[in-house]
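Q: Below is one structure. I have some questions about it.
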Amino acid sequence: MPPLRAIHLLQTKEGARLHGADLDQWRRWGPYLSERQWGTVREDYSEYGTAWDYFPHDHARSRMYRWGEDGIAGFGNDPLDWCVSLALWNGRDPIIKERLFGLTNEQGNHGEDVKELYFYLDGTPTHSYMKMLYKYPHDAYPYQQLIDENKRRGPDQPEYEVLDTGVFDDDRYFDVCVEYAKYAPDDIVMRVSVENRANEAAALHVLPQFWARNRWAWSSKWGKPSLKLEHDAREGARVIAHNPSQGAMLVTASAEAPVEWLFCENDTNVRRIYGIEGAGPFKDGFNDYLVEGDEQAIRRDHGTRSAAHVHLQLAPQTRSVMYLRWRPASVSNDPPLDMAQLFARREAEADEFYATLQHDIDDADARLVQRQALAGMLWTKQYYQFDVTRWHDGDPNQPTPPKERRHGRNADWRHMCNGDIVSMPDKWEYPWYASWDLAFHAVAFATIDPDFAKKQLLLLVKERYMHPNGQLPAYEWAFGDANPPVHAWATWRVFELDREMTGIGDHAFLEVMFHKLLLNFAWWVNRKDADDRNIFQGGFLGLDNIGIFDRSQPLPTGGRIDQADGTAWMASYALDLMQIGLELAMTNESYVEIAVKFFEHFLYIAEAVSCGEVCNTGLWDGSDEFFYDVLHLPNGARVPMRIRSIVGLIPLFAVHVLEEGVYGDLPGLRERLAWFLDHRPNLAKLVSRWTEPGKGNTTLLSLLRGHRMKALLRRTLDESEFLSDYGVRALSRVHCDKPYIFDHDGVNVCIRYLPAESDSRVFGGNSNWRGPIWMPVNYLLIESLYEFHRYYGDEFRVEHPTGSGKMHSLSEIADDLSRRIGTLFLKDAEGKRPVMAAYPMLQADPRSRDLILFHEYFHGDNGRGVGASHQTGWSGLVALLLQPRLMKLSHVGPEAPVMAVRLHEEASAAMGR
């Protein structure tokens with residue numbers, strides 16, 4: 001029972017922190033550093049916006065950043081006044097390893113790509129405990145080999161990965177485990193455990209770093225922090241960290257080998273980067289000291305960047321541990337903190353928290369997968385600062401940026417001023433938020449931390465983010481692109497999951513989001529419906545290369561595209577706002593009026609979609625029984641683009657069941673709906689069985705009535721088209737042998753099924769919607785089938801798979817699709833995970849086979865992980881798919897708020913006892 005679960009969660013240590021008055025203090029420190037600050041738009045001050053070239057990886061060790069910081073296993077406070085990360089050197093690399101390496105968009109044969117082996121293993125929502133693993137070779141890291149071989153390979157070949165270089169063969173590498181444990185919100189310990197996995201001895205330099213983010217170079221209003229070494233009679237060498245706006249902190253280190261403190265300044269090495277003289281030591285001082293033996297590159301007693309350097313000599317298959325601790329200077333170390341005991345306690349608390357959350361997951365491997373997925377979500381939080389006006393105009397203490405920037409990228413987003421902890425898609429390939437990604441992240445986060453999930457959605461609608469015209473920012477490279485409007489859906493799902501976890505429906509959150517989303521809905525209606533026909537264009541819509549044209553750019557043919565997905569997203573948007581309005585009407589009946597308005601708007605969209613070729617607007621193709629985008633050419637010709645893709649399945653997502661038992665008593669609701677449908681009979685026929693309520697006295701609102709839904713599902717569930725053993729493909733396999741070819745007036749393009757890497761450079765070539773399996777659209781399809789089942793019940797059955805002769809209810813089909821998605825990550829009969837097929841060395845190693853990556857998308861035939869390897873963001877939705885109860889939440893009824901308050905009071909009393 002949800003209320004009982006809420007009580008149990010409150011009784012865990014981590015659950016108590018999540019509901020405690022000092023929650024914000026516990027969250028102040030976390031894994032908030034990026035894994036790649038170089039090569040980002042924020043750090044690009046070039047004339048023409050060439051971010052990769054202006055600030056490459058080779059500059060990163062020597063140049064200070066303007067808007068953030070990066071590092072391996074980074075930790076910091078909000079807003080990164082102080083930062084912590086790990087640096088390593090094996091004695092053979094040309095540079096110390098202090099940030100992750102990868103290829104830029106032009107260097108990779110399939111776009112940008114991180115080339116490291118690292119895994120997020122555990123974490124708690126308050127970051128009271130965090131754990132990750134980094135694998136570092138004994139031999140020199142193959143930087144140039146990775147660049148050269150990927151440059152040589154074409155788009156028809158797979159990416160060349162670090163495991164392919166042989167540098168990890170014979171286990172000649174170190175397992176470097178980095179953990180964080182909080183003794184108190186601002187008293188934190190970093191533990192670095194290094195294990196030599198080889199059968200030969202090896203040396204390693206380990207350097208936990210503690211430094212101040214450089215703000216003083218950009219504006220004189222920021223005072224310069226300082227780090228100074230002192231010697232205490234009891235603690236020995238320790239560092240005093242001063243920041244003008246905060247109290248002092250103490251930083252200490254301990255290890256099984258001697259600790260050598262090193263210092264430098266977090267300033268640009270102007271000699272190396274610009275060829276001019278300047279006073280050091282610079283940001284790259286530790287690198288130059290270790291690699292080149294330059295004693296002048298460091299100081300021994302003060303600076304703004306520090307490192308606790310330990311030189312380890314590790315015998316075969318042995319392990320060494322060191323600690324870095326920082327705490328307020330006012331906190332005594334008497335008695336000394338037992339750090340090993342602290343980590344044991346915090347890890348046990350994490351186990352307790354997840355045991356409560358996963359009480360209904362019987363399979364141990366599924367629990368492991370879910371926990372690592374959520375760990376990845378927690379690790380990819382990032383402090384994201386970007387003031388677009390300041391970026392355009394420049395800083396007081398720096399040269400003025402080129403004037404071309406004022407008319408270039410994001411020129412009409414000067415209101416943007418971000419400075420918050422935000423969930424990233426990942427922190428290397430996508431170290432910036434994307435609005436439709438973030439909606440899915442919020443839903444996944446709501447399973448463990450609904451408060452954070454709500455705050456993420458609220459960020460997007462703040463005046464510092466949302467455009468004055470109502471548009472939500474898309475992503476850093478082009479805030480003005482159009483992402484799918486899934487935020488009302490995410491708002492409702494987060495509201496439901498929050499209520500399920502806490503027993504309380506947060507109507508204040510729902511109301512704020514509702515009012516802001518009204519502005520966004522109006523933007524869509526006014527900007528993306530060219531002829532006011534309730535058929536939408538949308539543009540990019542996040543699906544990158546799903547079609548033959550880049551939909552965010554002017555078409556080579558001229559004209560426009562009416563989009564099946566854009567129109568379906570808007571129909572879903574209207575239904576989601578209607579549902580939110582009805583929920584709010586339970587405590588404020590004035591919302592009935594506006595909920596009915598969205599009911600009407602949905603029906604007008606449904607009518608336009610259904611109209612067909614007779615009225616020259618519809619998107620349904622009666623001969624193929626599928627939804628297609630329609631190209632409108634300048635000469636008035638109307639060309640359906642018969643590409644069988646996920647675009648044509650998205651109309652399935654526009655579904656909602658109105659329950660009489662939940663909403664029937666809302667004052668005036670039924671009368672208003674009845675009047676509208678009585679006076680608009682052409683629209684009434686679009687509401688399935690308006691006068692014949694379905695299962696449980698319900699009414700179905702959907703773009704699809706029974707026949708069209710069955711027609712779409714027939715293709716969706718056909719293993720020769722969309723259905724894979726691992727979920728639903730983004731493009732039908734029919735286009736493997738029969739590519740779609742468009743030939744018009746000199747424009748000749750085609751699209752064919754590509755199960756993994758793309759051969760198209762549209763959107764940089766770093767993603768592919770032409771065949772692989774994508775988590776978010778699979779998730780929405782599964783959720784939609786559960787919603788259809790609420791209306792049709794078990795009696796309505798569909799053949800699954802198509803041609804099998806086996807008939808299943810829609811709920812059973814949704815269950816099977818969830819199972820198929822879960823199969824991506826779960827061990828098969830041979831103990832292997834399909835997603836990790838590109839990592840045979842790890843799969844064969846008993847100690848590494850439970851290390852899981854959560855990729856951006858997945859091979860359409862064999863399930864191999866493809867795209868960004870650490871895109872836990874929306875792939876973290878597997879956390880819900882592995883826990884089916886969370887996918888099937890039903891409305892708890894209008895009495896819920898009163899009941900929830902009582903249960904919350906009981907839970908609080910239980911905690912008190």
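Note on naming: chains are A, B, ... as they come in the structure tokens, residues start from 1 per chain, ligands start from 1 in the order shown.
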I'd like the neighbourhood of region 256-272 of chain A as a VMD selection string, where a residue qualifies if any of its atoms comes within 6 Å (using only C-alpha atoms), though same-chain residues fewer than 2 positions away should be ignored.

A: chain A and resid 62 to 64 274 to 277 281 to 283 285 298 to 300 302 to 310

Q: When you look at Tyr753 (chain A) with a cut-off of 12 Å (counting only C-alpha atoms), what residues show up, excluding the ones that are within fewer than 5 positions of it in the same chain? I need them as a ChimeraX atom specification.

A: /A:545-547,643-645,720-722,729-740,758-760,768-773,859-861

Q: Region 525-710 of chain A: which residues are strand (DSSP E or B) by DSSP, as a PyMOL selection string?

A: chain A and resi 560-562+620-621+626-627+629-632+638-641+645+655-659+688+698-702

Q: Can you write just those residues out, N, CA and C atoms, as a compact mmCIF listing (two decimals), in the first residue's frame?

A:
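Done, and the output landed in out.txt:
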```txt
# COMPACT_ATOMS: atom_id res chain seq x y z
N ARG A 560 6.62 23.37 -46.59
CA ARG A 560 6.63 23.02 -45.18
C ARG A 560 6.20 21.57 -45.02
N ILE A 561 6.44 21.05 -43.82
CA ILE A 561 6.01 19.69 -43.48
C ILE A 561 4.98 19.76 -42.37
N ASP A 562 3.80 19.19 -42.61
CA ASP A 562 2.83 18.95 -41.54
C ASP A 562 3.25 17.65 -40.86
N TRP A 620 -3.60 10.79 -41.71
CA TRP A 620 -3.82 9.35 -41.77
C TRP A 620 -3.90 8.91 -43.23
N ASP A 621 -3.11 7.90 -43.56
CA ASP A 621 -3.12 7.36 -44.92
C ASP A 621 -3.98 6.10 -44.93
N PHE A 626 -1.63 4.12 -41.81
CA PHE A 626 -0.51 4.61 -41.03
C PHE A 626 -0.53 6.13 -41.09
N PHE A 627 0.08 6.75 -40.08
CA PHE A 627 0.22 8.20 -40.08
C PHE A 627 1.55 8.59 -40.71
N ASP A 629 4.05 12.07 -42.12
CA ASP A 629 4.24 13.49 -42.36
C ASP A 629 3.81 13.82 -43.79
N VAL A 630 3.34 15.04 -43.98
CA VAL A 630 2.90 15.46 -45.31
C VAL A 630 3.70 16.70 -45.72
N LEU A 631 4.35 16.61 -46.88
CA LEU A 631 5.11 17.72 -47.43
C LEU A 631 4.19 18.57 -48.31
N HIS A 632 4.11 19.86 -48.00
CA HIS A 632 3.36 20.82 -48.81
C HIS A 632 4.37 21.60 -49.64
N ARG A 638 0.61 18.23 -52.45
CA ARG A 638 0.61 17.64 -51.11
C ARG A 638 1.16 16.23 -51.23
N VAL A 639 2.34 15.98 -50.59
CA VAL A 639 3.05 14.72 -50.79
C VAL A 639 3.20 13.99 -49.45
N PRO A 640 2.41 12.94 -49.20
CA PRO A 640 2.65 12.14 -47.99
C PRO A 640 4.02 11.46 -48.09
N MET A 641 4.83 11.61 -47.06
CA MET A 641 6.15 10.98 -47.04
C MET A 641 6.01 9.64 -46.33
N SER A 645 7.87 5.19 -39.57
CA SER A 645 8.77 5.49 -38.47
C SER A 645 7.97 5.73 -37.19
N VAL A 655 -3.78 9.75 -25.51
CA VAL A 655 -4.89 8.96 -24.97
C VAL A 655 -5.09 9.31 -23.50
N HIS A 656 -6.35 9.41 -23.11
CA HIS A 656 -6.67 9.63 -21.70
C HIS A 656 -8.05 9.07 -21.42
N VAL A 657 -8.17 8.45 -20.26
CA VAL A 657 -9.45 7.87 -19.84
C VAL A 657 -10.04 8.75 -18.75
N LEU A 658 -11.26 9.24 -19.01
CA LEU A 658 -12.01 10.01 -18.00
C LEU A 658 -12.81 9.04 -17.15
N GLU A 659 -12.59 9.10 -15.85
CA GLU A 659 -13.26 8.18 -14.94
C GLU A 659 -14.42 8.88 -14.24
N SER A 688 -14.70 7.95 -28.05
CA SER A 688 -15.15 6.57 -28.13
C SER A 688 -16.28 6.29 -27.14
N THR A 698 -15.99 4.44 -17.62
CA THR A 698 -14.99 5.40 -18.12
C THR A 698 -15.34 5.85 -19.53
N THR A 699 -14.71 6.95 -19.93
CA THR A 699 -14.84 7.47 -21.29
C THR A 699 -13.44 7.63 -21.87
N LEU A 700 -13.27 7.22 -23.13
CA LEU A 700 -11.95 7.24 -23.76
C LEU A 700 -11.80 8.46 -24.66
N LEU A 701 -10.71 9.20 -24.44
CA LEU A 701 -10.31 10.28 -25.33
C LEU A 701 -9.02 9.85 -25.99
N SER A 702 -9.03 9.76 -27.31
CA SER A 702 -7.85 9.29 -28.05
C SER A 702 -7.91 9.79 -29.48
```

Q: Here is a test: counting only C-alpha atoms, which residue of A:Arg152, A:Lys224, A:Lys888, A:His707 is nearest to Glu500 (chain A)?

A: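 Closest to Glu500 (chain A) of all the choices is A:Lys888.
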
Q: Give me the residues within 10 Å of Lys462 (chain A) as a ChimeraX atom specification, counting only C-alpha atoms and dropping any in the same chain fewer than 2 places off.

A: /A:416,418,457-460,464-467,472,513,516

Q: Would you list the contacts of Asp175 (chain A) as a PyMOL selection string, taking every protein, DNA or RNA residue within 8 Å and counting only C-alpha atoms, but skipping same-chain residues closer than 4 positions in sequence?

A: chain A and resi 133-136+193-197

Q: Can you write just those residues out, C-alpha atoms, as a short mmCIF file (atom, residue, chain, number, x, y, z; two decimals), in the first residue's frame?

A:
```
data_model
loop_
_atom_site.label_atom_id
_atom_site.label_comp_id
_atom_site.auth_asym_id
_atom_site.auth_seq_id
_atom_site.Cartn_x
_atom_site.Cartn_y
_atom_site.Cartn_z
CA LEU A 133 34.55 3.26 -10.66
CA TYR A 134 37.18 4.43 -13.16
CA LYS A 135 39.46 2.00 -15.03
CA TYR A 136 42.93 3.40 -15.79
CA SER A 193 40.59 2.89 -3.41
CA VAL A 194 43.13 1.78 -6.01
CA GLU A 195 43.54 -1.86 -6.98
CA ASN A 196 46.20 -3.21 -9.31
CA ARG A 197 44.31 -5.82 -11.37
#
```

Q: Could you build a table of the residues in region 836-873 of chain A lying no more than 12 Å from region 433-453 of chain A, giving for each the nearest pair of atoms and their separation in Å rounded to one decimal place, using only C-alpha atoms, ordered by chain and ascending residue number, as JSON lines?

A:
```
{"residue": "A:Glu856", "atom": "CA", "partner": "A:Asp437", "partner_atom": "CA", "distance": 10.8}
{"residue": "A:Gln871", "atom": "CA", "partner": "A:Asp437", "partner_atom": "CA", "distance": 10.1}
{"residue": "A:Thr872", "atom": "CA", "partner": "A:His441", "partner_atom": "CA", "distance": 8.7}
{"residue": "A:Gly873", "atom": "CA", "partner": "A:His441", "partner_atom": "CA", "distance": 5.4}
```

Q: Emit the selected residues as a short mmCIF file (atom, residue, chain, number, x, y, z; two decimals), in the first residue's frame, including N, CA and C atoms.

A:
```cif
data_model
loop_
_atom_site.label_atom_id
_atom_site.label_comp_id
_atom_site.auth_asym_id
_atom_site.auth_seq_id
_atom_site.Cartn_x
_atom_site.Cartn_y
_atom_site.Cartn_z
N GLU A 856 22.46 5.98 -24.88
CA GLU A 856 21.47 6.89 -25.43
C GLU A 856 20.37 6.14 -26.18
N GLN A 871 24.43 8.07 -21.16
CA GLN A 871 23.21 8.87 -21.21
C GLN A 871 22.15 8.24 -20.32
N THR A 872 22.47 8.16 -19.03
CA THR A 872 21.51 7.57 -18.09
C THR A 872 20.23 8.38 -18.05
N GLY A 873 20.32 9.68 -18.38
CA GLY A 873 19.18 10.58 -18.31
C GLY A 873 17.85 9.95 -18.61
#
```

Q: Report as an MDAnalysis selection string: the residues of region 369-616 of chain A with a DSSP assignment of alpha helix (DSSP H), based on the backbone of this structure.

A: chainID A and resid 369:379 388:393 435:445 450:460 487:502 507:527 564:585 591:610

Q: Which is closest to Trp675 (chain A) among A:Asp156, A:Asp186, A:Glu600, A:Glu787, if we use only C-alpha atoms?

A: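 So, comparing all the options, the nearest one is A:Glu600.
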
Q: Between CA of Leu314 (chain A) and CA of Val192 (chain A), what is the distance, to one decimal in Å?

A: 14.3 Å

Q: Can you tell me which residues surround Leu669 (chain A) at a distance of at most 10 Å, considering only C-alpha atoms, apart from same-chain residues fewer than 5 positions away, and format the answer as JSON, numbers by chain?

A: {"A": [582, 585, 589, 591, 592, 593, 595, 596, 663, 664, 674]}

Q: Extract, using only C-alpha atoms, all DNA, RNA and protein residues at most 10 Å from Asn333 (chain A), discarding same-chain residues fewer than 4 positions from it, and format them as JSON, numbers by chain.

A: {"A": [234, 235, 327, 329, 337]}

Q: Could you pull the residues within 10 Å of region 622-625 of chain A, counting only C-alpha atoms, minus those fewer than 6 positions along the same chain, as a PyMOL selection string?

A: chain A and resi 612-613+642+644+707-712+714-715

Q: How about saving the chosen residues, N, CA and C atoms kept, as a PDB file, in the first residue's frame?

A:
```pdb
ATOM      1  N   GLY A 612      -8.481  13.377 -43.148  1.00  0.00           N
ATOM      2  CA  GLY A 612      -8.055  12.614 -44.302  1.00  0.00           C
ATOM      3  C   GLY A 612      -7.854  13.466 -45.531  1.00  0.00           C
ATOM      4  N   GLU A 613      -7.602  12.796 -46.624  1.00  0.00           N
ATOM      5  CA  GLU A 613      -7.271  13.493 -47.858  1.00  0.00           C
ATOM      6  C   GLU A 613      -8.456  14.250 -48.441  1.00  0.00           C
ATOM      7  N   ARG A 642       5.913   8.599 -47.134  1.00  0.00           N
ATOM      8  CA  ARG A 642       5.543   7.274 -46.627  1.00  0.00           C
ATOM      9  C   ARG A 642       6.732   6.561 -45.993  1.00  0.00           C
ATOM     10  N   ARG A 644       7.725   4.690 -42.713  1.00  0.00           N
ATOM     11  CA  ARG A 644       7.114   4.063 -41.542  1.00  0.00           C
ATOM     12  C   ARG A 644       8.103   4.181 -40.373  1.00  0.00           C
ATOM     13  N   HIS A 707     -10.389   0.781 -34.667  1.00  0.00           N
ATOM     14  CA  HIS A 707      -9.799   0.250 -35.895  1.00  0.00           C
ATOM     15  C   HIS A 707      -8.403   0.811 -36.147  1.00  0.00           C
ATOM     16  N   ARG A 708      -8.261   2.135 -36.047  1.00  0.00           N
ATOM     17  CA  ARG A 708      -6.946   2.726 -36.319  1.00  0.00           C
ATOM     18  C   ARG A 708      -5.922   2.303 -35.276  1.00  0.00           C
ATOM     19  N   MET A 709      -6.372   2.182 -34.038  1.00  0.00           N
ATOM     20  CA  MET A 709      -5.434   1.731 -33.010  1.00  0.00           C
ATOM     21  C   MET A 709      -4.946   0.323 -33.344  1.00  0.00           C
ATOM     22  N   LYS A 710      -5.861  -0.557 -33.727  1.00  0.00           N
ATOM     23  CA  LYS A 710      -5.461  -1.917 -34.074  1.00  0.00           C
ATOM     24  C   LYS A 710      -4.545  -1.929 -35.292  1.00  0.00           C
ATOM     25  N   ALA A 711      -4.822  -1.038 -36.253  1.00  0.00           N
ATOM     26  CA  ALA A 711      -3.981  -0.979 -37.448  1.00  0.00           C
ATOM     27  C   ALA A 711      -2.553  -0.562 -37.087  1.00  0.00           C
ATOM     28  N   LEU A 712      -2.419   0.448 -36.221  1.00  0.00           N
ATOM     29  CA  LEU A 712      -1.078   0.865 -35.800  1.00  0.00           C
ATOM     30  C   LEU A 712      -0.393  -0.217 -34.983  1.00  0.00           C
ATOM     31  N   ARG A 714      -0.875  -3.362 -35.203  1.00  0.00           N
ATOM     32  CA  ARG A 714      -0.509  -4.473 -36.078  1.00  0.00           C
ATOM     33  C   ARG A 714       0.901  -4.280 -36.627  1.00  0.00           C
ATOM     34  N   ARG A 715       1.235  -3.041 -37.000  1.00  0.00           N
ATOM     35  CA  ARG A 715       2.588  -2.772 -37.472  1.00  0.00           C
ATOM     36  C   ARG A 715       3.578  -2.692 -36.310  1.00  0.00           C
TER      37      ARG A 715
END
```
